[in-house]
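*Asks:* Pasting data.cif here (mmCIF, C-alpha atoms and all ligand atoms):
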```cif
data_final
loop_
_atom_site.label_atom_id
_atom_site.label_comp_id
_atom_site.auth_asym_id
_atom_site.auth_seq_id
_atom_site.Cartn_x
_atom_site.Cartn_y
_atom_site.Cartn_z
CA MET H 1 175.37 -239.10 -130.04
CA VAL H 2 175.06 -235.56 -128.72
CA LEU H 3 178.20 -233.47 -128.36
CA PHE H 4 178.81 -230.22 -126.54
CA ASP H 5 181.54 -227.77 -127.49
CA ASN H 6 182.78 -226.63 -124.09
CA HIS H 7 185.39 -224.11 -125.11
CA ASN H 8 184.45 -221.08 -127.21
CA HIS H 9 185.33 -217.42 -127.13
CA SER H 10 182.91 -214.65 -127.97
CA GLN H 11 182.85 -210.92 -128.47
CA PHE H 12 183.47 -210.63 -124.72
CA SER H 13 186.99 -212.08 -125.01
CA PHE H 14 189.79 -209.65 -125.85
CA ASP H 15 190.61 -211.83 -128.87
CA GLY H 16 187.08 -212.70 -129.96
CA LYS H 17 185.87 -209.48 -131.52
CA LYS H 18 184.43 -211.23 -134.57
CA ALA H 19 182.64 -213.94 -132.59
CA SER H 20 179.12 -212.95 -131.64
CA ILE H 21 177.31 -215.20 -129.21
CA GLU H 22 174.25 -215.19 -131.42
CA ASP H 23 176.17 -216.26 -134.54
CA GLY H 24 178.00 -218.92 -132.54
CA ALA H 25 174.83 -220.37 -131.08
CA ARG H 26 173.11 -220.43 -134.47
CA THR H 27 176.13 -222.15 -136.00
CA ALA H 28 176.22 -224.74 -133.22
CA LEU H 29 172.51 -225.41 -133.62
CA ALA H 30 172.79 -225.77 -137.39
CA SER H 31 175.73 -228.14 -137.08
CA GLY H 32 173.84 -230.48 -134.77
CA LEU H 33 175.68 -229.88 -131.51
CA GLY H 34 173.66 -230.33 -128.34
CA GLY H 35 175.20 -227.32 -126.69
CA LEU H 36 178.08 -224.98 -126.45
CA ALA H 37 179.74 -223.01 -123.69
CA PHE H 38 181.13 -219.53 -124.01
CA THR H 39 184.25 -219.54 -121.90
CA ASP H 40 185.67 -216.06 -122.32
CA HIS H 41 189.19 -215.20 -121.27
CA CYS H 42 190.03 -213.90 -117.84
CA ASP H 43 193.75 -213.35 -117.29
CA PHE H 44 194.91 -210.94 -114.63
CA PHE H 45 198.53 -211.27 -115.57
CA VAL H 46 199.52 -210.15 -119.04
CA PRO H 47 203.19 -210.36 -120.05
CA PRO H 48 204.80 -206.94 -120.60
CA MET H 49 205.71 -207.70 -124.21
CA LYS H 50 202.10 -208.57 -124.99
CA ALA H 51 200.65 -205.65 -123.06
CA ALA H 52 202.85 -203.27 -125.02
CA TYR H 53 201.78 -204.84 -128.28
CA GLU H 54 198.07 -205.09 -127.69
CA ASN H 55 197.58 -202.44 -125.01
CA LEU H 56 195.60 -204.85 -122.89
CA VAL H 57 196.02 -205.13 -119.14
CA PRO H 58 194.45 -207.22 -117.80
CA GLU H 59 192.34 -209.45 -120.07
CA VAL H 60 189.25 -209.63 -117.91
CA PHE H 61 185.82 -209.83 -119.44
CA ASP H 62 182.52 -208.40 -118.25
CA VAL H 63 180.79 -211.50 -116.88
CA LYS H 64 177.46 -209.80 -116.30
CA ALA H 65 177.24 -208.47 -119.86
CA GLN H 66 178.26 -211.83 -121.32
CA GLN H 67 175.71 -213.74 -119.25
CA GLU H 68 172.93 -211.30 -120.15
CA GLU H 69 173.73 -211.77 -123.82
CA ILE H 70 173.75 -215.56 -123.44
CA GLY H 71 170.36 -215.32 -121.74
CA ARG H 72 169.00 -213.15 -124.53
CA VAL H 73 170.22 -215.50 -127.26
CA GLN H 74 168.97 -218.59 -125.40
CA VAL H 75 165.47 -217.10 -125.35
CA LEU H 76 165.75 -215.82 -128.91
CA LEU H 77 166.55 -219.25 -130.26
CA ASN H 78 163.73 -220.62 -128.17
CA ALA H 79 165.94 -223.52 -127.38
CA ASP H 80 164.97 -226.56 -125.45
CA THR H 81 167.04 -226.39 -122.29
CA SER H 82 166.91 -230.07 -121.47
CA THR H 83 170.29 -231.73 -121.16
CA ASP H 84 169.77 -234.15 -124.00
CA GLY H 85 169.93 -231.22 -126.38
CA LYS H 86 167.70 -232.93 -128.90
CA ASN H 87 165.33 -230.07 -129.52
CA GLY H 88 167.55 -227.07 -129.42
CA ILE H 89 170.83 -225.74 -128.33
CA ARG H 90 171.89 -225.36 -124.72
CA ILE H 91 174.11 -222.31 -124.22
CA LEU H 92 176.33 -222.56 -121.16
CA LYS H 93 177.78 -219.70 -119.17
CA GLY H 94 181.47 -220.28 -118.82
CA ILE H 95 184.80 -218.70 -118.13
CA GLU H 96 188.36 -219.66 -118.99
CA ILE H 97 190.31 -218.54 -115.99
CA GLY H 98 194.00 -218.01 -116.61
CA MET H 99 195.85 -219.39 -113.60
CA HIS H 100 198.82 -217.38 -112.40
CA CYS H 101 200.74 -217.50 -109.14
CA ASP H 102 200.76 -213.69 -108.65
CA HIS H 103 196.99 -213.30 -108.88
CA HIS H 104 195.45 -215.87 -106.60
CA GLU H 105 193.20 -213.41 -104.80
CA ASP H 106 191.91 -211.84 -108.02
CA ILE H 107 191.15 -215.27 -109.43
CA ARG H 108 189.26 -216.46 -106.37
CA LYS H 109 187.24 -213.27 -106.30
CA LYS H 110 186.35 -213.41 -109.98
CA LEU H 111 185.09 -216.98 -109.62
CA SER H 112 183.10 -216.30 -106.47
CA ASP H 113 181.55 -213.06 -107.72
CA SER H 114 179.40 -214.79 -110.37
CA SER H 115 177.65 -218.07 -111.05
CA PHE H 116 178.91 -220.13 -113.95
CA ASP H 117 177.90 -223.35 -115.62
CA GLN H 118 181.49 -224.35 -116.09
CA VAL H 119 184.98 -223.11 -115.37
CA ILE H 120 187.99 -224.00 -117.50
CA ALA H 121 191.30 -223.55 -115.73
CA SER H 122 194.22 -222.84 -118.05
CA VAL H 123 197.75 -221.55 -118.07
CA HIS H 124 198.43 -218.98 -120.80
CA TYR H 125 201.35 -217.07 -119.33
CA LEU H 126 204.29 -218.26 -117.30
CA ASP H 127 207.82 -217.16 -116.47
CA GLY H 128 206.64 -213.62 -117.26
CA THR H 129 206.15 -214.56 -120.90
CA ASP H 130 203.62 -215.81 -123.40
CA PRO H 131 204.20 -218.97 -125.45
CA PHE H 132 202.09 -217.44 -128.24
CA TYR H 133 204.62 -214.64 -128.69
CA GLY H 134 207.53 -217.00 -128.34
CA GLY H 135 209.46 -215.52 -125.40
CA TYR H 136 208.78 -218.53 -123.23
CA TYR H 137 210.90 -220.88 -125.31
CA GLU H 138 214.12 -218.90 -125.20
CA ASP H 139 216.83 -220.69 -123.22
CA LYS H 140 214.77 -223.88 -122.93
CA ASP H 141 214.92 -227.12 -124.85
CA TRP H 142 211.64 -228.82 -125.74
CA LYS H 143 211.65 -231.06 -122.73
CA GLN H 144 212.23 -228.22 -120.30
CA ALA H 145 209.61 -226.03 -121.98
CA TYR H 146 206.87 -228.65 -122.11
CA GLY H 147 207.70 -230.07 -118.68
CA ARG H 148 207.67 -226.69 -117.00
CA TYR H 149 204.29 -225.90 -118.54
CA LEU H 150 202.79 -229.15 -117.18
CA GLU H 151 204.33 -228.56 -113.74
CA THR H 152 202.80 -225.09 -113.70
CA ILE H 153 199.31 -226.40 -114.52
CA LEU H 154 199.66 -229.02 -111.78
CA GLN H 155 200.83 -226.50 -109.21
CA GLU H 156 198.18 -223.91 -110.03
CA MET H 157 195.19 -226.21 -110.40
CA THR H 158 195.84 -227.98 -107.12
CA TRP H 159 195.96 -224.56 -105.53
CA LEU H 160 192.80 -223.35 -107.29
CA GLU H 161 190.57 -226.41 -106.81
CA ASP H 162 187.55 -224.32 -107.90
CA PHE H 163 187.27 -225.35 -111.56
CA ASP H 164 185.69 -228.06 -113.70
CA ILE H 165 187.87 -228.59 -116.77
CA MET H 166 191.66 -228.69 -117.02
CA GLY H 167 192.21 -226.68 -120.20
CA HIS H 168 194.58 -227.44 -123.07
CA TYR H 169 197.45 -229.26 -121.29
CA ASP H 170 199.34 -229.24 -124.61
CA TYR H 171 198.87 -225.53 -125.41
CA VAL H 172 202.62 -225.14 -124.96
CA VAL H 173 203.26 -227.34 -128.02
CA ARG H 174 201.06 -225.27 -130.36
CA TYR H 175 203.44 -222.35 -130.79
CA ALA H 176 206.73 -224.03 -129.94
CA PRO H 177 209.76 -223.73 -132.23
CA TYR H 178 210.87 -227.34 -131.74
CA PRO H 179 210.50 -230.27 -134.13
CA VAL H 180 208.81 -232.23 -131.32
CA THR H 181 205.12 -231.71 -132.15
CA CYS H 182 203.53 -234.14 -129.75
CA LEU H 183 203.41 -233.99 -125.99
CA ARG H 184 204.02 -237.67 -125.33
CA TYR H 185 203.03 -239.57 -122.25
CA SER H 186 206.34 -241.42 -122.17
CA ASP H 187 208.31 -238.16 -121.87
CA PHE H 188 206.29 -236.72 -118.98
CA SER H 189 204.75 -239.73 -117.27
CA ASP H 190 205.44 -238.60 -113.69
CA VAL H 191 203.82 -235.20 -113.90
CA LEU H 192 200.96 -236.42 -116.11
CA ASP H 193 200.18 -239.21 -113.66
CA GLU H 194 200.04 -236.68 -110.87
CA MET H 195 197.75 -234.41 -112.89
CA PHE H 196 195.44 -237.30 -113.77
CA ARG H 197 195.35 -238.59 -110.20
CA TYR H 198 194.21 -235.15 -109.08
CA ILE H 199 191.52 -234.52 -111.68
CA ILE H 200 190.15 -238.07 -111.40
CA HIS H 201 189.92 -237.83 -107.63
CA GLU H 202 188.29 -234.39 -107.82
CA GLY H 203 185.78 -235.24 -110.57
CA LYS H 204 187.21 -232.78 -113.07
CA ALA H 205 187.46 -233.16 -116.82
CA LEU H 206 190.42 -233.64 -119.09
CA GLU H 207 190.01 -231.38 -122.10
CA ILE H 208 190.68 -232.42 -125.66
CA ASN H 209 191.27 -229.02 -127.23
CA THR H 210 191.00 -229.50 -130.97
CA LYS H 211 192.57 -226.12 -131.74
CA SER H 212 195.89 -227.57 -130.63
CA TYR H 213 195.81 -229.97 -133.56
CA GLN H 214 195.33 -227.38 -136.27
CA ASN H 215 198.10 -226.75 -138.73
CA TYR H 216 200.20 -223.72 -137.73
CA ASN H 217 202.44 -222.58 -140.54
CA GLY H 218 202.95 -226.13 -141.72
CA ARG H 219 203.52 -227.45 -138.21
CA GLU H 220 200.94 -229.95 -137.07
CA VAL H 221 200.60 -230.91 -133.41
CA THR H 222 199.22 -234.36 -132.65
CA LEU H 223 197.48 -235.91 -129.68
CA ASP H 224 199.29 -238.84 -128.09
CA ALA H 225 196.81 -241.70 -127.72
CA GLU H 226 198.95 -243.02 -124.85
CA ILE H 227 197.86 -240.01 -122.81
CA LEU H 228 194.21 -240.91 -123.21
CA LYS H 229 194.89 -244.60 -122.54
CA ARG H 230 196.80 -243.86 -119.38
CA TYR H 231 194.05 -241.49 -118.16
CA ARG H 232 191.45 -244.18 -118.82
CA ASP H 233 193.57 -246.90 -117.19
CA MET H 234 193.91 -244.78 -114.06
CA GLY H 235 190.10 -244.55 -113.91
CA GLY H 236 189.63 -241.30 -115.83
CA GLU H 237 186.27 -241.15 -117.57
CA ILE H 238 185.47 -237.45 -117.71
CA ILE H 239 186.43 -235.92 -121.05
CA SER H 240 185.53 -232.47 -122.30
CA LEU H 241 185.67 -231.59 -125.99
CA GLY H 242 186.52 -227.99 -126.84
CA SER H 243 187.23 -226.31 -130.15
CA ASP H 244 188.71 -223.15 -128.58
CA SER H 245 186.90 -221.25 -131.33
CA HIS H 246 187.31 -217.50 -131.69
CA SER H 247 184.88 -217.33 -134.63
CA PRO H 248 181.76 -219.36 -135.47
CA ASP H 249 183.34 -221.29 -138.33
CA ARG H 250 185.51 -223.34 -135.96
CA ILE H 251 182.79 -224.36 -133.51
CA GLY H 252 182.83 -228.15 -133.12
CA ALA H 253 185.91 -228.47 -135.34
CA GLY H 254 187.28 -232.01 -135.40
CA PHE H 255 184.69 -233.33 -132.95
CA ASN H 256 183.55 -236.30 -135.00
CA GLU H 257 187.11 -237.48 -135.42
CA TYR H 258 188.00 -237.14 -131.73
CA ALA H 259 184.71 -238.62 -130.54
CA ALA H 260 185.41 -241.65 -132.72
CA ARG H 261 188.92 -241.95 -131.30
CA LEU H 262 187.58 -241.75 -127.77
CA LYS H 263 185.12 -244.52 -128.47
CA THR H 264 187.84 -246.71 -129.95
CA LEU H 265 189.90 -246.20 -126.80
CA GLY H 266 187.03 -247.35 -124.60
CA PHE H 267 185.60 -244.06 -123.40
CA ARG H 268 181.83 -244.12 -123.06
CA TRP H 269 180.88 -240.49 -122.49
CA THR H 270 181.76 -236.92 -123.11
CA ALA H 271 181.14 -234.43 -120.34
CA HIS H 272 180.06 -230.90 -119.69
CA TYR H 273 178.91 -229.06 -116.58
CA GLU H 274 175.64 -227.26 -115.90
CA SER H 275 175.58 -225.00 -112.85
CA ARG H 276 178.91 -226.62 -111.99
CA ARG H 277 177.39 -230.09 -111.93
CA LEU H 278 178.74 -232.87 -114.11
CA VAL H 279 176.62 -234.05 -117.02
CA GLN H 280 177.78 -237.00 -119.12
CA LEU H 281 176.37 -237.86 -122.53
CA ALA H 282 176.82 -241.24 -124.18
CA LEU H 283 179.23 -241.43 -127.07
ZN ZN H 301 193.15 -220.93 -123.48
#
```
Could you take the file, read its structure, and then write that structure out as structure tokens?

*Replies:*
Amino acid sequence: MVLFDNHNHSQFSFDGKKASIEDGARTALASGLGGLAFTDHCDFFVPPMKAAYENLVPEVFDVKAQQEEIGRVQVLLNADTSTDGKNGIRILKGIEIGMHCDHHEDIRKKLSDSSFDQVIASVHYLDGTDPFYGGYYEDKDWKQAYGRYLETILQEMTWLEDFDIMGHYDYVVRYAPYPVTCLRYSDFSDVLDEMFRYIIHEGKALEINTKSYQNYNGREVTLDAEILKRYRDMGGEIISLGSDSHSPDRIGAGFNEYAARLKTLGFRWTAHYESRRLVQLAL
């Protein structure tokens, strides 16, 4: 079984200063992964409270510099670039594009200005706020907060179309103040069905983002198996594993556990994209 980690941040992300591409690739190689993608952050909208705190507007990385560094490291490691990944490590050129309704033109331009192996489409900021800093949850109960986040992903990804992986659908649960620590299928079946129908029809991947299931200050988010079952029952087969690492030590975190769970649920492959084309590897 060969696994790819499709979601990693490097020194080119505003929040990845300690994550060199070279260290990450060496770590991935040593840990037996077949490949990894560097999907650095690109968010044109940054909430005012965050901009004031971190002095960052907008969070857009230098694609050319990142891709040159990936190319350098790929050669340096003298990796086998075949897709089976058996004799080396395949380093993919990626981007995590932050979808936002006020920046459609910027987003389209950023994606068309460069060539990528894979594009993760995510929502990090909504309602002018940032779930990470907490403002998003004020005046919402858990169901409103989680539901609105899912609706926003659905709305923005169907607008965008130009992406490969639907990123961390349960990001909104990670930093939430509520006792509800699992985004359950039964609570959001209508919107989840609509999301799945879209990504299945369009050949895009559902991401399992293992960072979501880390322990945050004693609060542990869990993945609802019913979500995966429903996706599979609707015909969904394309699954992307991502650690969302911001330092080499988390690359591939939890992959063996989630790969085993996928297999138990009847999934046969994990997926990644090379030059925007789907590649599936047997579990
Ligand atoms: Zn993200």

*Asks:* Go through H:Lys110, H:Arg148, H:Arg197, H:Arg174 one by one, measure the shortest atom-to-atom distance of each to ligand ZN 301 (chain H) using only C-alpha atoms and all ligand atoms, and give the residue with the smallest value.

*Replies:* H:Arg174

*Asks:* Suppose you want the space between CA of Asp43 (chain H) and CA of Ser122 (chain H); what is it in Å?

*Replies:*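 Distance between the two atoms: 9.5 Å.
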
*Asks:* Smallest atom-to-atom distance to Trp159 (chain H): which of H:Phe267, H:Tyr198, H:Phe45, H:Phe116, using all atoms listed in the file?

*Replies:*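 Nearest to Trp159 (chain H): H:Tyr198.
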
*Asks:* Need to verify the contact set: region 67-73 of chain H, 8 Å, all atoms listed in the file, exclusion of same-chain residues closer than 2 positions in sequence. Can you return it as a list of chain:residue names?

*Replies:*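 Listed by chain and then number, they are H:Ile21, H:Glu22, H:Ala25, H:Val63, H:Lys64, H:Ala65, H:Val75, H:Leu76, H:Leu77, H:Ile91, H:Leu92, H:Lys93.
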
*Asks:* Distance table requested - chain H against ligand ZN 301 (chain H), cut-off 7 Å, all atoms listed in the file: one row per qualifying residue with the closest atom pair and its distance in Å to one decimal, ordered by chain and rising residue number, as a Markdown table.

*Replies:*
```
| residue | atom | partner | partner_atom | distance |
| --- | --- | --- | --- | --- |
| H:Glu96 | CA | H:ZN301 | ZN | 6.7 |
| H:Ser122 | CA | H:ZN301 | ZN | 5.9 |
| H:His124 | CA | H:ZN301 | ZN | 6.2 |
| H:Gly167 | CA | H:ZN301 | ZN | 6.7 |
| H:His168 | CA | H:ZN301 | ZN | 6.7 |
```

*Asks:* Go through H:Phe188, H:Tyr175, H:Tyr258, H:Phe196 and flag the residue nearest Ser212 (chain H), using only C-alpha atoms for the distances.

*Replies:*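 Under the stated criterion, the closest residue is H:Tyr175.
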
*Asks:* How many Å separate CA of Asp249 (chain H) from CA of Leu283 (chain H)?

*Replies:*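 Separation between CA of Asp249 (chain H) and CA of Leu283 (chain H): 23.4 Å.
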
*Asks:* Neighbours of region 214-218 of chain H within 10 Å (all atoms listed in the file; same-chain residues fewer than 2 positions away dropped), as a ChimeraX atom specification?

*Replies:* /H:174-175,210-212,220-222,253-254

*Asks:* Keeping only C-alpha atoms, write those residues as a PDB file, in the frame of the given file.

*Replies:*
```pdb
ATOM      1  CA  ARG H 174     201.060-225.270-130.360  1.00  0.00           C
ATOM      2  CA  TYR H 175     203.440-222.350-130.790  1.00  0.00           C
ATOM      3  CA  THR H 210     191.000-229.500-130.970  1.00  0.00           C
ATOM      4  CA  LYS H 211     192.570-226.120-131.740  1.00  0.00           C
ATOM      5  CA  SER H 212     195.890-227.570-130.630  1.00  0.00           C
ATOM      6  CA  GLU H 220     200.940-229.950-137.070  1.00  0.00           C
ATOM      7  CA  VAL H 221     200.600-230.910-133.410  1.00  0.00           C
ATOM      8  CA  THR H 222     199.220-234.360-132.650  1.00  0.00           C
ATOM      9  CA  ALA H 253     185.910-228.470-135.340  1.00  0.00           C
ATOM     10  CA  GLY H 254     187.280-232.010-135.400  1.00  0.00           C
TER      11      GLY H 254
END
```

*Asks:* If you count all atoms listed in the file, which residues fall within 6 Å of Thr39 (chain H), apart from same-chain ones fewer than 5 positions away, as a list in words?

*Replies:*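 What passes the distance filter is His7, Asn8, His9, Gly94, Ile95 and Glu96 of chain H.
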
*Asks:* Closest to Phe163 (chain H) among H:Asp244, H:Glu194, H:Asp117, H:Asp130, using only C-alpha atoms?

*Replies:*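 When distances to Phe163 (chain H) are compared using only C-alpha atoms, the smallest one comes from H:Asp117.
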
*Asks:* Extract, using all atoms listed in the file, all DNA, RNA and protein residues at most 9 Å from Arg277 (chain H), discarding same-chain residues fewer than 3 positions from it, and format them as a VMD selection string.

*Replies:* chain H and resid 117 to 118 164 272 to 274

*Asks:* Between CA of Asp190 (chain H) and CA of Tyr231 (chain H), measure the distance and give it in Å to one decimal.

*Replies:*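 So the two atoms, CA of Asp190 (chain H) and CA of Tyr231 (chain H), lie 12.6 Å apart.
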
*Asks:* Which one is closest to Leu228 (chain H): H:Ser20, H:Ser243, H:Ser275, H:Thr264? Count all atoms listed in the file.

*Replies:*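 Using all atoms listed in the file, Leu228 (chain H) sits closest to H:Thr264.
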
*Asks:* Pick out the residues sitting within 10 Å of Trp142 (chain H), and hand them over as a list in words; count all atoms listed in the file, and ignore anything fewer than 6 positions along from it in its own chain.

*Replies:* Arg148, Val172, Val173, Ala176, Pro177, Tyr178, Pro179, Val180, Thr181 and Leu183 of chain H

*Asks:* From the set H:Leu36, H:Ser115, H:Ile107, H:Lys143, which residue has the shortest atom-to-atom contact distance to Arg90 (chain H), counting only C-alpha atoms?

*Replies:* H:Leu36

*Asks:* Given the point (188.1, -242.0, -122.2) in the coordinates of this file, which residues lie within 12 Å, counting all atoms listed in the file, and how would they look as a ChimeraX atom specification?

*Replies:* /H:200,205-208,225-241,258-271,280,282-283

*Asks:* Show me the residues around (202.0, -216.0, -117.4) - criterion: an atom at most 7 Å away, all atoms listed in the file counted - as number ranges by chain.

*Replies:* H: 45-47, 100, 124-130

*Asks:* Generate the missing atoms of region 123-148 of chain H up to N, CA and C atoms and report them as a PDB file, in the frame of the given file.

*Replies:*
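Printed below is part17.pdb as written:
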```
ATOM      1  N   VAL H 123     196.551-222.386-118.209  1.00  0.00           N
ATOM      2  CA  VAL H 123     197.750-221.550-118.070  1.00  0.00           C
ATOM      3  C   VAL H 123     198.062-220.979-119.451  1.00  0.00           C
ATOM      4  N   HIS H 124     198.066-219.654-119.547  1.00  0.00           N
ATOM      5  CA  HIS H 124     198.430-218.980-120.800  1.00  0.00           C
ATOM      6  C   HIS H 124     199.790-218.301-120.707  1.00  0.00           C
ATOM      7  N   TYR H 125     200.111-217.841-119.509  1.00  0.00           N
ATOM      8  CA  TYR H 125     201.350-217.070-119.330  1.00  0.00           C
ATOM      9  C   TYR H 125     202.137-217.647-118.175  1.00  0.00           C
ATOM     10  N   LEU H 126     203.434-217.779-118.386  1.00  0.00           N
ATOM     11  CA  LEU H 126     204.290-218.260-117.300  1.00  0.00           C
ATOM     12  C   LEU H 126     205.716-217.760-117.523  1.00  0.00           C
ATOM     13  N   ASP H 127     206.455-217.719-116.449  1.00  0.00           N
ATOM     14  CA  ASP H 127     207.820-217.160-116.470  1.00  0.00           C
ATOM     15  C   ASP H 127     207.809-215.737-117.038  1.00  0.00           C
ATOM     16  N   GLY H 128     206.721-215.006-116.798  1.00  0.00           N
ATOM     17  CA  GLY H 128     206.640-213.620-117.260  1.00  0.00           C
ATOM     18  C   GLY H 128     206.487-213.490-118.765  1.00  0.00           C
ATOM     19  N   THR H 129     206.204-214.597-119.433  1.00  0.00           N
ATOM     20  CA  THR H 129     206.150-214.560-120.900  1.00  0.00           C
ATOM     21  C   THR H 129     204.896-215.253-121.417  1.00  0.00           C
ATOM     22  N   ASP H 130     204.791-215.265-122.730  1.00  0.00           N
ATOM     23  CA  ASP H 130     203.620-215.810-123.400  1.00  0.00           C
ATOM     24  C   ASP H 130     204.087-216.765-124.501  1.00  0.00           C
ATOM     25  N   PRO H 131     203.783-218.055-124.383  1.00  0.00           N
ATOM     26  CA  PRO H 131     204.200-218.970-125.450  1.00  0.00           C
ATOM     27  C   PRO H 131     203.758-218.520-126.841  1.00  0.00           C
ATOM     28  N   PHE H 132     202.602-217.870-126.930  1.00  0.00           N
ATOM     29  CA  PHE H 132     202.090-217.440-128.240  1.00  0.00           C
ATOM     30  C   PHE H 132     203.067-216.479-128.920  1.00  0.00           C
ATOM     31  N   TYR H 133     203.675-215.596-128.123  1.00  0.00           N
ATOM     32  CA  TYR H 133     204.620-214.640-128.690  1.00  0.00           C
ATOM     33  C   TYR H 133     206.059-215.142-128.693  1.00  0.00           C
ATOM     34  N   GLY H 134     206.241-216.351-128.164  1.00  0.00           N
ATOM     35  CA  GLY H 134     207.530-217.000-128.340  1.00  0.00           C
ATOM     36  C   GLY H 134     208.549-216.833-127.222  1.00  0.00           C
ATOM     37  N   GLY H 135     208.445-215.799-126.406  1.00  0.00           N
ATOM     38  CA  GLY H 135     209.460-215.520-125.400  1.00  0.00           C
ATOM     39  C   GLY H 135     209.715-216.670-124.437  1.00  0.00           C
ATOM     40  N   TYR H 136     208.692-217.443-124.206  1.00  0.00           N
ATOM     41  CA  TYR H 136     208.780-218.530-123.230  1.00  0.00           C
ATOM     42  C   TYR H 136     209.844-219.562-123.592  1.00  0.00           C
ATOM     43  N   TYR H 137     210.046-219.771-124.879  1.00  0.00           N
ATOM     44  CA  TYR H 137     210.900-220.880-125.310  1.00  0.00           C
ATOM     45  C   TYR H 137     212.390-220.554-125.325  1.00  0.00           C
ATOM     46  N   GLU H 138     212.708-219.268-125.175  1.00  0.00           N
ATOM     47  CA  GLU H 138     214.120-218.900-125.200  1.00  0.00           C
ATOM     48  C   GLU H 138     214.826-219.564-124.025  1.00  0.00           C
ATOM     49  N   ASP H 139     216.011-220.054-124.266  1.00  0.00           N
ATOM     50  CA  ASP H 139     216.830-220.690-123.220  1.00  0.00           C
ATOM     51  C   ASP H 139     216.230-221.985-122.668  1.00  0.00           C
ATOM     52  N   LYS H 140     215.288-222.585-123.374  1.00  0.00           N
ATOM     53  CA  LYS H 140     214.770-223.880-122.930  1.00  0.00           C
ATOM     54  C   LYS H 140     214.819-224.856-124.099  1.00  0.00           C
ATOM     55  N   ASP H 141     215.115-226.118-123.803  1.00  0.00           N
ATOM     56  CA  ASP H 141     214.920-227.120-124.850  1.00  0.00           C
ATOM     57  C   ASP H 141     213.478-227.618-124.747  1.00  0.00           C
ATOM     58  N   TRP H 142     213.062-228.444-125.689  1.00  0.00           N
ATOM     59  CA  TRP H 142     211.640-228.820-125.740  1.00  0.00           C
ATOM     60  C   TRP H 142     211.182-229.497-124.460  1.00  0.00           C
ATOM     61  N   LYS H 143     212.082-230.308-123.897  1.00  0.00           N
ATOM     62  CA  LYS H 143     211.650-231.060-122.730  1.00  0.00           C
ATOM     63  C   LYS H 143     211.479-230.146-121.522  1.00  0.00           C
ATOM     64  N   GLN H 144     212.363-229.185-121.395  1.00  0.00           N
ATOM     65  CA  GLN H 144     212.230-228.220-120.300  1.00  0.00           C
ATOM     66  C   GLN H 144     210.972-227.373-120.485  1.00  0.00           C
ATOM     67  N   ALA H 145     210.747-226.923-121.716  1.00  0.00           N
ATOM     68  CA  ALA H 145     209.610-226.030-121.980  1.00  0.00           C
ATOM     69  C   ALA H 145     208.280-226.736-121.740  1.00  0.00           C
ATOM     70  N   TYR H 146     208.135-227.935-122.261  1.00  0.00           N
ATOM     71  CA  TYR H 146     206.870-228.650-122.110  1.00  0.00           C
ATOM     72  C   TYR H 146     206.673-229.103-120.657  1.00  0.00           C
ATOM     73  N   GLY H 147     207.776-229.587-120.065  1.00  0.00           N
ATOM     74  CA  GLY H 147     207.700-230.070-118.680  1.00  0.00           C
ATOM     75  C   GLY H 147     207.338-228.961-117.709  1.00  0.00           C
ATOM     76  N   ARG H 148     207.942-227.804-117.916  1.00  0.00           N
ATOM     77  CA  ARG H 148     207.670-226.690-117.000  1.00  0.00           C
ATOM     78  C   ARG H 148     206.210-226.237-117.122  1.00  0.00           C
TER      79      ARG H 148
END
```
